[in-house]
Amino acid sequence: MSLDTTKHAAGTPDTPLPWAELGLKEDEYGRIREILGRRPTGAELAMYSVMWSEHCSYKSSKVHLKQFGEKAPENTALLVGIGENAGVVDVGQGYAVTFKVESHNHPSYIEPYQGAATGVGGIVRDILAMGARPVAVMDPLRFGAADHPDTKRVLPGVVAGIGGYGNCLGLPNIGGEVVFDPCYQGNPLVNALCVGVMKHEDIHLAKASGTGNQVILYGARTGGDGIGGVSVLASETFDSTGPAKRPAVQVGDPFQEKLLIECTLELFAEGLVTGIQDLGGAGLSCATSELASAGSGGMRVELDRVPLRDSSLSPEEILMSESQERMCAVVEPAKVARFLEICEKWDVLATVIGEVTEGDRLEITWHGEQIVDVPPRTVAHEGPVYQRPYARPEWQDALQADDAARLPRPAGGEELREQVLKLVASPNQASKAWITDQYDRFVQGNTVLAQPEDSGMVRIDEETGLGVAVATDGNGRYAKLDPYTGAQLALAESYRNVAATGARPLAVTDCLNFGSPEDPGVMWQFAEACRGLADGCRELGTPVTGGNVSLYNQTGETAVHPTPVVGVLGVIDDVARRTPMAFAEPGQLVYLLGETREELGGSAWSQVVHGHLGGLPPAVDLDREKLLADILISGSRDGMIDAAHDLSDGGLVQAVTESCLKGGNGVRLVVPDGLDPFVLLFSESAGRAVVAVPRSEELRFTDMCGARGLPATRIGVVDGDAVEVQGQFSLPLAEVREAYEATIPALLA
Amino acid sequence: MARVVVDVMLKPEILDPQGQAVQRALPRLGFGGISDVRQGKRFELELDGPADDAALARIHELAETFLANTVIEDFTVRVEETGAAGSPAETVRAVS
Amino acid sequence: MARVVVDVMLKPEILDPQGQAVQRALPRLGFGGISDVRQGKRFELELDGPADDAALARIHELAETFLANTVIEDFTVRVEETGAAGSPAETVRAVS
Amino acid sequence: MTARIGVITFPGSLDDRDTHRAIRLAGAEPVALWHRDRDLQGVDATVLPGGFSYGDYLRAGAISRFSPVMESLVEAARDGLPVLGICNGFQVLTESHLLPGAMVRNDHLHFVCREQKLRVETAATAWTGDFTAGQEIHIPLKNMDGRYVADERTLDELEAEGRVVFRYLDGNPNGSLRDIAGITNEAGNVVGLMPHPEHAVEPLIGTAGTDGLGFFTSVLRTLSTVGKVSA
Ligand SMILES: Nc1ncnc2c1ncn2[C@@H]1O[C@H](COP(=O)(O)OP(=O)(O)O)[C@@H](O)[C@H]1O
Ligand SMILES: [Mg+2]
C-alpha cells in the first residue's frame with residue numbers, strides 16, 4: 001500500500017477509513033474531519049483513535065473529575081496539581097515529593113506477570129518524568145475468590161511481576177493491599193503507586209518550548225508490542241473482537257528501565273532537559289502531541305528516525321506502539337551532544353527525532369513525506385467529552401435495606417472466640433507475608449516502615465530525618481453499599497493510616513476502578529464516588545494531586561464492586577519519631593480512641609461469618625478523623641504513645657491481634673461498661689485507632705485527649721501471651737498466629 | 001520410556017530482554033558475527049510409556065496450556081532419541 | 001546465514017526446582033505418565049555467515065565460557081536448518 | 001589516613017549508594033568505581049554491591065563478570081586486596097571463579113526478602129575480624145538466586161578449611177547446600193555472602209540492629225594491622 005500522506009488525504013476525501021474498528025464513534029470521526037478540514041491520514045487516524053480512547057482522553061470521567069480541581073482545598077504545599085504526569089507536593093526543607101497511582105488491570109488478567117510488571121514500569125516513568133528520583137512503590141491488588149483456581153494463576157503471576165520489576169529497579173515496596181472478592185474473578189485490579197523525591201528546583205514539566213530545540217527519543221527500541229493496547233485493553237471489555245494482528249501484551253525490561261532512571265537523573269542533574277515526557281499508553285502519539293500541546297510552539301518529527309526492533313512496522317504502528325522503557329525529551333541544540341554522551345555512558349540508545357517549530361502544528365514525516373499535520377491540542381487535550389447518563393440502580397434500596405444488624409450474633413464467649421479465629425484466618429484478614437516477602441523493602445536504605453505497618457515510610461533526608469509516609473486504601477464492599485460514603489471511607493482510612501505512623505497527611509492520589517461507563521448504574525457509582533472523594537478532600541484539606549481512572553472492569557454484564565483506591569501522602573519532620581504498630585512493651589496501656597457504634601454493614605465479620613453484603617457502611621465524620629489524626633501525630637511527636645494501629649476492616653479485634661503478633665506480646669482486654677463485647681470486637685466504626693501508652697505518659701495523654709474532646713477509653717494492657725477478653729475468651733498467641741499466617745500459603749504455595 | 005522435548009520461545013515480535021542482553025555482551029567478549037540472539041526455555045519430559053501419537057497430543061496440550069503462555073510465546077514439541085548413537089546433538093559434559 | 005542452537009541444562013546432580021515445580025503441577029492438571037521434568041535454557045543464535053566448523057568451534061567456546069556455567073550446567077551445540085521443510089520439529093504458532 | 005573503600009557500580013547495581021553510606025558510617029571513605037574503568041584508583045578494599053547487574057539476565061553475575069573493572073579486580077584480589085561481594089556481588093565473584101561454587105534459583109522459586117539470622121562461623125577473614133566465631137547476627141536477606149551449590153568435594157573442602165563464613169539459622173531461606181550463607185577464598189581476603197550487611201547499619205532503617213557495621217569495621221581493622229591505613 002502506498003503511503004497515505006496529508007496531500008494524498010486532501011485529494012481523496014472519500015477513501016473509507018477503519019475508524020469504527022479503531023474504536024471511534026461516528027460523530028468523533030466527523031469531528032476529526034472538521035478539525036482537519038479534510039479526511040485524516042491513516043497515521044492521523046491512529047493518533048486520534050488512541051488519544052481519544054477512554055483510557056487516554058477520560059471522555060466519560062472528565063466531567064466528574066473536574067470536582068477535584070473545583071473543590072480543591074487551599075493548600076500551599078501543592079506545587080504542581082492535576083494535569084501533569086503526577087502532582088508535586090512541598091514537604092519542606094526545599095524538598096518536593098511526587099506520587100501517583102495507576103491501574104494495569106486488564107493486561108494483568110491476560111498475562112499476569114508481564115501485565116503487572118509493565119504496570120510498575122509505567123508509573124515509575126511517570127514519576128521520573130517529573131524530575132524526581134523514584135524512592136518507593138506500593139501495590140493495591142484485588143483478586144477473585146481466594147480459593148478459585150484462576151486466582152492461583154493470576155495472583156502468583158501478578159505478585160512475581162510486581163516483585164520482578166520493582167526489585168530489579170531497586171525500589172523498595174513499602175505497602176499496598178490484597179483483597180479477595182468473587183466480583184473481581186474475571187477482572188482483577190492491579191494498581192501500582194510510585195513515590196519520587198526531588199528538590200523544588202528540579203521539577204520538570206512535559207512541554208516542548210523553544211523553537212529549534214531538539215526532540216530526543218531515548219530508551220528501548222520501538223517494537224510491535226502493545227499496539228492498540230490502549231484502546232482494546234483498557235477501554236473495551238474482553239469479549240470485543242478486534243483484529244489482533246500484533247500482540248497487545250508487552251514484555252517489560254526492568255534492567256533497561258533501571259538504566260533509564262539513572263541516565264535521566266544524570267541528565268536532570270546537568271541541566272540538559274527543557275521538557276520531558278514518558279512514553280506510556282498511546283506511545284509516541286501521546287508523547288509528541290502532549291509535549292507539543294503543552295508547549296508554546298509546534299513540533300516536527302521525522303518518524304523514520306525512530307529506532308525499531310521490527311523493521312516491518314508501518315508509521316501508524318510506530319505511532320501507536322506501546323513498547324516500554326522509552327522517554328522523550330526536549331533539549332536545547334547546544335546540549336544535545338552532552339545529552340547523547342550521558343545516554344551512551346548508561347548504554348541507553350538515544351536518537352534525535354525532531355524539533356520544536358515556530359508554528360502551532362504537530363507535523364510528522366515519513367521519509368520526507370508528511371503524514372501528520374494536526375493541531376496538537378485537538379489530539380492531546382481537546383478530545384471528546386461525554387455527559388454519560390447516570391442513575392441510581394434499582395437494586396440499591398433493597399441492598400441498603402438488607403441490614404447486617406439482623407444477622408445472628410455469637411451466643412457467648414466460646415462462639416465469639418471461634419468467630420475471632422475465623423476472622424483472622426480469612427483470606428482478606430490473614431497475613432499477606434507470603435506475598436510481601438517477595439518484595440524488596442530494604443533497598444535504598446531509607447525504609448523506616450513497610451508492610452505490615454499502617455503506612456510505608458521512607459526517609460528522604462539523612463541529616464534531618466525528614467520523611468514521607470504513604471498509605472493506600474479502598475473498600476469495594478463499602479462503596480457498593482454507598483459509593484459516596486465508600487469513597488470517603490477509603491480516603492478516611494488512608495488518612496488515618498498515615499497519621500497512625502505519626503506523619504501529617506498532605507495530599508491525595510486515587511485510582512478509580514469501576515465497571516462500564518455505558519451502564520447508567522455504574523456511571524452513578526462513579527459520579528457518587530467522585531463527589532464523595534472531592535467533598536472529603538476539601539474537608540480534610542488534602543487536595544487530589546493526580547490519579548487514574550480505570551473503566552470497563554467487568555465480566556460480561558457484571559461489573560466489579562465500585563472500587564475507589566485512595567493513596568494519602570504525609571510528611572514527618574523526623575522519622576525517629578515514627579509510631580510503629582507493634583505492642584512491644586508488656587505493661588503498657590491499651591487505649592481505644594474514637595467511638596464504637598453498632599456498624600456492621602459491609603463488615604469483614606458479615607462477610608466471613610455470614611457471606612453477607614447489605615445495609616449501610618459505617619458513617620463518616622471527617623472532623624473526627626482530623627481530630628484523631630492530630631492526637632496521633634502529637635502523641636508521636638511528644639513521645640506519649642509507643643504503638644498505634646488504625647481500626648478498619650475486621651474492627652478492634654483484628655487490629656489488636658495484629659499489634660500483638662507483631663510485637664510478640666499478648667493483651668488483656670476489658671469490655672468497657674455499656675458496650676456489647678461482640679460490637680466492641682467486630683464493629684467497623686470509622687475514626688478509631690488503638691494505641692499503646694507507657695504508664696508514665698498516661699496522664700499526659702488522657703489529658704490531651706480530654707482537652708481536645710477525643711473519646712479515649714482504656715480497654716486493657718499489653719501482657720502475657722494470649723489475646724484475652726476478660727469474661728469472654730482467651731486465645732493463645734501461638735494459636736492465633738497459626739490461624740493468621742497459614743491461610744495464604746495454604747491457598748497459594 | 002521416551003524423552004520429549006518442549007522448546008518455548010518468545011514470539012518473534014515480542015521483546016526478548018534476556019536475548020538482547022546476551023547479544024549486547026558478545027562484542028565485549030570478542031565474539032562477532034552473531035546478528036541475533038533469542039533466549040527461551042527447554043523442557044525435557046521423561047515419559048513412562050512410548051511417545052506415541054496419543055502421548056504427543058497430550059504433551060502438546062500441556063505445552064499449550066501450561067508450559068507456554070501462548071499470548072507471548074510459541075512452542076515446539078519433539079521426541080528425542082535418548083541414548084541413541086548418532087544423535088545430531090553433541091552433548092558436552094563439561095569437567096569443572 | 002545459519003541458526004545455531006545452544007541448549008543449556010542443569011547437571012543431573014543439581015536440584016532443578018523449576019522442573020520439579022512443573023512436575024508437581026502435572027497431576028493437578030490431569031497429566032499423568034510423566035516421570036521426570038527438567039527445565040533449562042535454549043539460545044538461538046543467528047550467524048552472519050555459515051555454520052562451518054570454525055564458527056561452531058567459536059560458539060562452543062562461547063557456550064563454555066558464557067552461555068553456560070559449567071560448574072552447574074551442561075550444554076549442547078547444534079545447527080538448525082531454518083525454514084527447511086521436513087524438519088523433525090513441528091513449530092506451533094499459537095493463535096491467541 | 002582514612003581507608004578508601006571502592007564500591008563497584010555495574011549497570012543494574014542497586015545497593016551501591018547504600019554501601020557508600022555504610023562505609024561512611026563505619027568511618028571510611030567510599031570511592032565510586034565504574035564497571036567500564038580498569039582503574040581501581042588505589043583503593044584499600046573493594047565491595048561488589050547487591051542488585052540485578054544486567055538484569056540478572058542469562059545468570060546472575062554472568063555478564064558483569066566480563067567488565068573491564070573485573071579484570072583488574074581479579075588480579076588485585078589474587079594479590080590480597082580485601083574484596084566483599086554482597087548478594088549480586090557474591091554471584092559475580094563465583095562467576096569470576098574468585099570463589100568456588102555457583103548461585104542458582106531459590107528452591108521455592110520466589111524472591112525472598114526477610115530479616116535473617118546468621119551464625120558467623122569464622123572471624124579469620126578480612127571482613128569478619130570484629131565478630132567472634134559462633135556469634136549470631138541479624139542481617140536482611142533479599143534475593144532470587146541465592147541457593148549456593150557446589151559439588152560434595154568442594155563443600156567438604158570449604159568446611160575442612162574453615163572457609164564457610166556464615167550459615168543460615170532458623171530456617172534455610174533458599175535451599176543453600178549445608179545452610180551456607182557466605183564463604184571465603186583460601187587467603188581469607190575475598191568474602192561473598194547473600195545477606196545484606198549494608199542494610200543493617202542504622203537502628204531505624206532496615207533491620208532493628210546494626211550488626212552489618214561489623215563487616216566494614218572489620219576490614220578497617222584488617223587494613224590497619226597490615227599497616228595500610230591507620231585505624
Ligand atoms: N500487595 C501488597 N504489597 C505491599 N504491601 C501490602 C500489600 N498488601 C497488603 N500490604 C501491607 O500489609 C499491611 C496490611 O494491609 P491492610 O490490612 O490492607 O492494611 P490496612 O487495613 O491498615 O490498610 C499494610 O502494611 C499493607 O501496606
Ligand atoms: Mg491500617
# chains A, B, ... in the order shown; residues from 1 in each chain; ligands from 1

$ residues_around --residues "stretch 21-29 of chain B" --least-positions-apart "3" --cutoff "10 Å" --atoms "only C-alpha atoms" --output "PyMOL selection string"
(chain A and resi 255-256+347) or (chain B and resi 16-18+32-39) or (chain C and resi 43+45+62+65-67) or (chain D and resi 54-58+62-64+66-68)

$ residues_around --residues "B:Glu13" --least-positions-apart "5" --cutoff "12 Å" --atoms "only C-alpha atoms" --output "VMD selection string"
(chain A and resid 222 to 227 245 to 251 308 to 313 321 323) or (chain B and resid 38 71 to 74)

$ closest_atom_pairs --of "chain A" --to "ligand 1" --cutoff "9 Å" --atoms "only C-alpha atoms and all ligand atoms" --output "tab-separated table"
residue	atom	partner	partner_atom_place_in_ligand_line	distance
A:Val137	CA	ligand 1	4 (C)	8.5
A:Met138	CA	ligand 1	4 (C)	5.7
A:Asp139	CA	ligand 1	1 (N)	4.8
A:Pro140	CA	ligand 1	1 (N)	5.3
A:Leu141	CA	ligand 1	1 (N)	5.6
A:Arg142	CA	ligand 1	1 (N)	8.7
A:Val159	CA	ligand 1	1 (N)	7.5
A:Ile162	CA	ligand 1	1 (N)	8.9
A:Asn173	CA	ligand 1	4 (C)	6.1
A:Ile174	CA	ligand 1	4 (C)	5.9
A:Gly175	CA	ligand 1	27 (O)	3.1
A:Gly176	CA	ligand 1	7 (C)	3.6
A:Glu177	CA	ligand 1	8 (N)	3.1
A:Val178	CA	ligand 1	8 (N)	4.3
A:Val179	CA	ligand 1	18 (O)	7.6
A:Asn428	CA	ligand 1	17 (O)	7.7
A:Gln429	CA	ligand 1	17 (O)	6.4
A:Ala430	CA	ligand 1	17 (O)	8.2
A:Ser431	CA	ligand 1	14 (C)	7.5
A:Lys432	CA	ligand 1	9 (C)	6.0
A:Ala433	CA	ligand 1	12 (O)	7.7
A:Ile435	CA	ligand 1	1 (N)	6.8
A:Thr436	CA	ligand 1	4 (C)	5.3
A:Asp437	CA	ligand 1	4 (C)	8.8
A:Tyr439	CA	ligand 1	4 (C)	7.6
A:Leu449	CA	ligand 1	25 (O)	8.6
A:Ala450	CA	ligand 1	25 (O)	6.1
A:Gln451	CA	ligand 1	25 (O)	3.4
A:Pro452	CA	ligand 1	25 (O)	3.2
A:Glu453	CA	ligand 1	25 (O)	4.0
A:Asp454	CA	ligand 1	22 (O)	4.5
A:Ser455	CA	ligand 1	25 (O)	5.8
A:Gly456	CA	ligand 1	27 (O)	6.6
A:Val470	CA	ligand 1	27 (O)	8.9
A:Ala471	CA	ligand 1	27 (O)	6.6
A:Thr472	CA	ligand 1	23 (O)	6.6
A:Asp473	CA	ligand 1	23 (O)	5.4
A:Gly474	CA	ligand 1	23 (O)	8.1
A:Glu493	CA	ligand 1	23 (O)	7.0
A:Ser494	CA	ligand 1	23 (O)	6.8
A:Arg496	CA	ligand 1	22 (O)	8.9
A:Asn497	CA	ligand 1	22 (O)	6.1
A:His645	CA	ligand 1	22 (O)	7.6
A:Asp646	CA	ligand 1	22 (O)	6.4
A:Leu647	CA	ligand 1	21 (O)	7.4
A:Ser648	CA	ligand 1	21 (O)	5.7
A:Asp649	CA	ligand 1	21 (O)	6.3
A:Gly650	CA	ligand 1	21 (O)	8.5
A:Ala655	CA	ligand 1	21 (O)	8.4

$ select_by_dssp --residues "chain B" --states "alpha helix (DSSP H)" --output "ChimeraX atom specification"
/B:17-29,53-62

$ residues_around --residues "D:Glu71" --least-positions-apart "3" --cutoff "12 Å" --atoms "only C-alpha atoms" --output "number ranges by chain"
D: 35-40, 64-68, 74-78, 93, 96-98

$ write_last_selection --atoms "C-alpha atoms" --output "compact mmCIF listing (two decimals), in the first residue's frame"
# COMPACT_ATOMS: atom_id res chain seq x y z
CA HIS D 35 32.38 -1.02 35.56
CA ARG D 36 33.95 0.31 32.39
CA ASP D 37 37.09 1.60 34.10
CA ARG D 38 40.01 -0.70 34.58
CA ASP D 39 41.44 1.69 37.18
CA LEU D 40 40.82 0.73 40.79
CA SER D 64 29.19 -8.31 34.85
CA ARG D 65 31.99 -10.76 35.27
CA PHE D 66 33.32 -9.66 31.89
CA SER D 67 33.50 -5.95 32.80
CA PRO D 68 36.86 -4.23 32.39
CA VAL D 74 40.57 -10.37 39.88
CA GLU D 75 44.24 -9.56 39.70
CA ALA D 76 44.16 -7.32 42.78
CA ALA D 77 42.21 -9.93 44.74
CA ARG D 78 44.82 -12.55 43.92
CA LEU D 93 32.59 -13.47 42.48
CA SER D 96 34.58 -14.94 38.11
CA HIS D 97 35.88 -18.03 39.92
CA LEU D 98 37.30 -15.92 42.72

$ select_by_dssp --residues "stretch 1-93 of chain B" --states "strand (DSSP E or B)" --output "JSON, numbers by chain"
{"B": [2, 3, 4, 5, 6, 7, 8, 9, 10, 34, 35, 36, 37, 38, 39, 40, 41, 42, 43, 44, 45, 46, 47, 73, 74, 75, 76, 77, 78, 79, 80, 90, 91, 92]}

$ atom_distance --atom1 "atom CA of A:Glu684" --atom2 "atom CA of A:Gln488"
14.4 Å

$ residues_around --residues "D:His199" --least-positions-apart "4" --cutoff "8 Å" --atoms "only C-alpha atoms" --output "CSV table (one decimal) with N, CA, C and O atoms, in the first residue's frame"
chain,number,residue,atom,x,y,z
A,442,PHE,N,14.0,-3.2,51.6
A,442,PHE,CA,15.1,-2.6,52.2
A,442,PHE,C,16.0,-1.7,51.3
A,442,PHE,O,16.7,-0.9,51.7
A,443,VAL,N,15.9,-2.0,50.0
A,443,VAL,CA,16.8,-1.3,49.0
A,443,VAL,C,16.7,0.2,49.1
A,443,VAL,O,15.6,0.7,49.5
A,445,GLY,N,18.1,1.8,51.4
A,445,GLY,CA,18.5,2.1,52.7
A,445,GLY,C,17.8,3.2,53.4
A,445,GLY,O,18.4,3.9,54.3
D,18,ASP,N,23.8,2.6,49.0
D,18,ASP,CA,23.6,2.1,50.4
D,18,ASP,C,25.0,1.7,50.9
D,18,ASP,O,25.3,1.9,52.1
D,139,ILE,N,20.8,-10.0,59.8
D,139,ILE,CA,21.1,-9.2,58.6
D,139,ILE,C,20.0,-9.4,57.6
D,139,ILE,O,19.5,-10.6,57.4
D,140,PRO,N,19.5,-8.4,56.9
D,140,PRO,CA,18.4,-8.6,55.9
D,140,PRO,C,18.9,-9.4,54.7
D,140,PRO,O,20.0,-9.4,54.3
D,205,ILE,N,16.6,1.9,60.4
D,205,ILE,CA,16.4,1.6,58.9
D,205,ILE,C,16.6,0.1,58.8
D,205,ILE,O,17.6,-0.5,59.3
D,206,GLY,N,15.8,-0.5,57.9
D,206,GLY,CA,16.1,-2.0,57.6
D,206,GLY,C,15.8,-2.8,58.9
D,206,GLY,O,14.8,-2.6,59.5
D,207,THR,N,16.7,-3.7,59.2
D,207,THR,CA,16.5,-4.5,60.5
D,207,THR,C,16.8,-3.6,61.7
D,207,THR,O,17.5,-2.6,61.6
D,212,GLY,N,25.4,-5.1,60.8
D,212,GLY,CA,26.1,-5.0,59.5
D,212,GLY,C,27.3,-4.2,59.5
D,212,GLY,O,28.2,-4.4,58.7

$ closest_residue --among "A:Gly674, A:Pro40, A:Gly81, A:Pro254" --to "chain D" --atoms "only C-alpha atoms"
A:Pro254

$ residues_around --residues "A:Lys662" --least-positions-apart "3" --cutoff "12 Å" --atoms "only C-alpha atoms" --output "count of residues only"
26

$ interface_residues --of "chain D" --to "chain A" --cutoff "10 Å" --atoms "only C-alpha atoms" --output "VMD selection string"
chain D and resid 10 to 19 21 to 22 36 50 to 57 108 to 115 140 to 144 196 198 to 208

$ atom_distance --atom1 "atom CA of A:Gln396" --atom2 "atom CA of A:Val679"
25.7 Å

$ closest_residue --among "D:Arg147, D:Arg119, D:Arg4, D:Arg24" --to "chain C" --atoms "only C-alpha atoms"
D:Arg147

$ closest_residue --among "D:Thr46, D:Thr9, D:Asn172, D:Thr154" --to "chain B" --atoms "only C-alpha atoms"
D:Thr154

$ residues_around --residues "C:Val6" --least-positions-apart "4" --cutoff "10 Å" --atoms "only C-alpha atoms" --output "VMD selection string"
(chain B and resid 39 89) or (chain C and resid 41 to 45 59 to 60 62 to 63 67 to 68 75 to 79)

$ write_last_selection --atoms "all heavy atoms" --output "short mmCIF file (atom, residue, chain, number, x, y, z; two decimals), in the first residue's frame"
data_model
loop_
_atom_site.label_atom_id
_atom_site.label_comp_id
_atom_site.auth_asym_id
_atom_site.auth_seq_id
_atom_site.Cartn_x
_atom_site.Cartn_y
_atom_site.Cartn_z
N GLN B 39 16.56 -15.95 23.66
CA GLN B 39 16.66 -16.92 24.75
C GLN B 39 15.29 -17.45 25.11
O GLN B 39 14.34 -16.69 25.29
CB GLN B 39 17.31 -16.28 25.98
CG GLN B 39 17.43 -17.27 27.13
CD GLN B 39 18.14 -16.70 28.34
OE1 GLN B 39 18.93 -15.76 28.22
NE2 GLN B 39 17.86 -17.25 29.51
N ALA B 89 22.87 -34.03 18.05
CA ALA B 89 23.38 -33.09 19.04
C ALA B 89 24.57 -33.70 19.75
O ALA B 89 24.58 -34.87 20.10
CB ALA B 89 22.29 -32.77 20.04
N LYS C 41 17.62 -23.88 29.47
CA LYS C 41 17.56 -22.69 28.60
C LYS C 41 17.90 -23.09 27.18
O LYS C 41 18.68 -23.99 26.94
CB LYS C 41 18.58 -21.65 29.05
CG LYS C 41 18.33 -21.10 30.42
CD LYS C 41 19.47 -20.15 30.79
CE LYS C 41 19.50 -19.95 32.28
NZ LYS C 41 20.80 -19.49 32.74
N ARG C 42 17.31 -22.37 26.25
CA ARG C 42 17.59 -22.60 24.84
C ARG C 42 17.98 -21.26 24.24
O ARG C 42 17.27 -20.26 24.39
CB ARG C 42 16.32 -23.12 24.16
CG ARG C 42 16.41 -23.24 22.66
CD ARG C 42 15.00 -23.57 22.11
NE ARG C 42 14.93 -23.36 20.67
CZ ARG C 42 15.20 -24.30 19.77
NH1 ARG C 42 15.52 -25.51 20.16
NH2 ARG C 42 15.12 -24.03 18.48
N PHE C 43 19.14 -21.22 23.60
CA PHE C 43 19.57 -19.99 22.93
C PHE C 43 19.56 -20.23 21.43
O PHE C 43 20.09 -21.23 20.95
CB PHE C 43 21.00 -19.62 23.34
CG PHE C 43 21.15 -19.34 24.81
CD1 PHE C 43 21.45 -20.37 25.70
CD2 PHE C 43 20.94 -18.07 25.31
CE1 PHE C 43 21.56 -20.11 27.06
CE2 PHE C 43 21.06 -17.81 26.66
CZ PHE C 43 21.37 -18.84 27.55
N GLU C 44 18.96 -19.31 20.71
CA GLU C 44 19.00 -19.37 19.25
C GLU C 44 19.92 -18.26 18.77
O GLU C 44 19.64 -17.07 19.00
CB GLU C 44 17.61 -19.19 18.66
CG GLU C 44 16.66 -20.34 19.01
CD GLU C 44 15.28 -20.17 18.40
OE1 GLU C 44 15.01 -19.12 17.77
OE2 GLU C 44 14.46 -21.10 18.54
N LEU C 45 21.00 -18.63 18.13
CA LEU C 45 21.95 -17.64 17.63
C LEU C 45 21.87 -17.59 16.11
O LEU C 45 21.95 -18.61 15.44
CB LEU C 45 23.39 -18.04 18.02
CG LEU C 45 23.63 -18.48 19.46
CD1 LEU C 45 25.09 -18.87 19.67
CD2 LEU C 45 23.26 -17.37 20.42
N ILE C 59 31.42 -20.95 18.74
CA ILE C 59 30.20 -20.96 19.54
C ILE C 59 30.32 -21.94 20.71
O ILE C 59 29.81 -21.69 21.80
CB ILE C 59 28.99 -21.30 18.63
CG1 ILE C 59 28.77 -20.09 17.71
CG2 ILE C 59 27.76 -21.60 19.46
CD1 ILE C 59 27.66 -20.24 16.76
N HIS C 60 31.05 -22.99 20.45
CA HIS C 60 31.32 -23.91 21.54
C HIS C 60 32.05 -23.21 22.67
O HIS C 60 31.72 -23.35 23.86
CB HIS C 60 32.15 -25.09 21.00
CG HIS C 60 32.25 -26.22 21.96
ND1 HIS C 60 33.10 -26.20 23.03
CD2 HIS C 60 31.58 -27.39 22.03
CE1 HIS C 60 32.96 -27.31 23.72
NE2 HIS C 60 32.05 -28.05 23.13
N LEU C 62 32.02 -20.00 23.22
CA LEU C 62 31.08 -19.03 23.79
C LEU C 62 30.18 -19.70 24.82
O LEU C 62 29.92 -19.18 25.91
CB LEU C 62 30.23 -18.42 22.66
CG LEU C 62 29.14 -17.45 23.09
CD1 LEU C 62 29.76 -16.16 23.63
CD2 LEU C 62 28.21 -17.12 21.92
N ALA C 63 29.70 -20.87 24.45
CA ALA C 63 28.81 -21.60 25.36
C ALA C 63 29.54 -21.96 26.63
O ALA C 63 29.02 -21.83 27.74
CB ALA C 63 28.27 -22.85 24.67
N LEU C 67 27.59 -18.75 27.94
CA LEU C 67 26.17 -19.12 27.95
C LEU C 67 25.86 -20.13 29.05
O LEU C 67 24.78 -20.15 29.60
CB LEU C 67 25.75 -19.67 26.58
CG LEU C 67 25.86 -18.67 25.42
CD1 LEU C 67 25.40 -19.32 24.12
CD2 LEU C 67 25.03 -17.43 25.70
N ALA C 68 26.83 -20.99 29.34
CA ALA C 68 26.63 -21.95 30.42
C ALA C 68 27.65 -21.68 31.51
O ALA C 68 28.74 -21.19 31.24
CB ALA C 68 26.80 -23.37 29.90
N PHE C 75 25.93 -28.31 28.33
CA PHE C 75 25.33 -27.68 27.15
C PHE C 75 25.53 -28.53 25.91
O PHE C 75 26.40 -29.40 25.87
CB PHE C 75 25.92 -26.28 26.93
CG PHE C 75 27.38 -26.29 26.60
CD1 PHE C 75 27.82 -26.39 25.29
CD2 PHE C 75 28.33 -26.20 27.62
CE1 PHE C 75 29.18 -26.40 24.99
CE2 PHE C 75 29.68 -26.21 27.32
CZ PHE C 75 30.11 -26.32 26.01
N THR C 76 24.69 -28.26 24.94
CA THR C 76 24.88 -28.88 23.62
C THR C 76 24.79 -27.77 22.58
O THR C 76 24.10 -26.79 22.77
CB THR C 76 23.80 -29.92 23.29
OG1 THR C 76 22.55 -29.25 23.18
CG2 THR C 76 23.69 -31.00 24.35
N VAL C 77 25.52 -27.96 21.49
CA VAL C 77 25.51 -27.00 20.39
C VAL C 77 25.06 -27.75 19.14
O VAL C 77 25.54 -28.86 18.89
CB VAL C 77 26.93 -26.44 20.14
CG1 VAL C 77 26.92 -25.50 18.93
CG2 VAL C 77 27.43 -25.71 21.37
N ARG C 78 24.11 -27.21 18.39
CA ARG C 78 23.76 -27.87 17.14
C ARG C 78 23.23 -26.87 16.13
O ARG C 78 22.74 -25.80 16.48
CB ARG C 78 22.76 -28.99 17.38
CG ARG C 78 21.39 -28.57 17.74
CD ARG C 78 20.64 -29.75 18.37
NE ARG C 78 19.79 -29.25 19.43
CZ ARG C 78 18.59 -28.74 19.21
NH1 ARG C 78 18.09 -28.72 18.01
NH2 ARG C 78 17.88 -28.26 20.21
N VAL C 79 23.36 -27.24 14.89
CA VAL C 79 22.90 -26.36 13.82
C VAL C 79 21.45 -26.68 13.52
O VAL C 79 21.05 -27.85 13.53
CB VAL C 79 23.75 -26.59 12.55
CG1 VAL C 79 23.35 -25.62 11.45
CG2 VAL C 79 25.22 -26.46 12.88
#

$ interface_residues --of "chain D" --to "chain C" --cutoff "9 Å" --atoms "only C-alpha atoms" --output "PyMOL selection string"
chain D and resi 58-59+62-63+95+100-102+104-109+149-151

$ atom_distance --atom1 "atom CA of A:Ala337" --atom2 "atom CA of A:Glu84"
28.1 Å
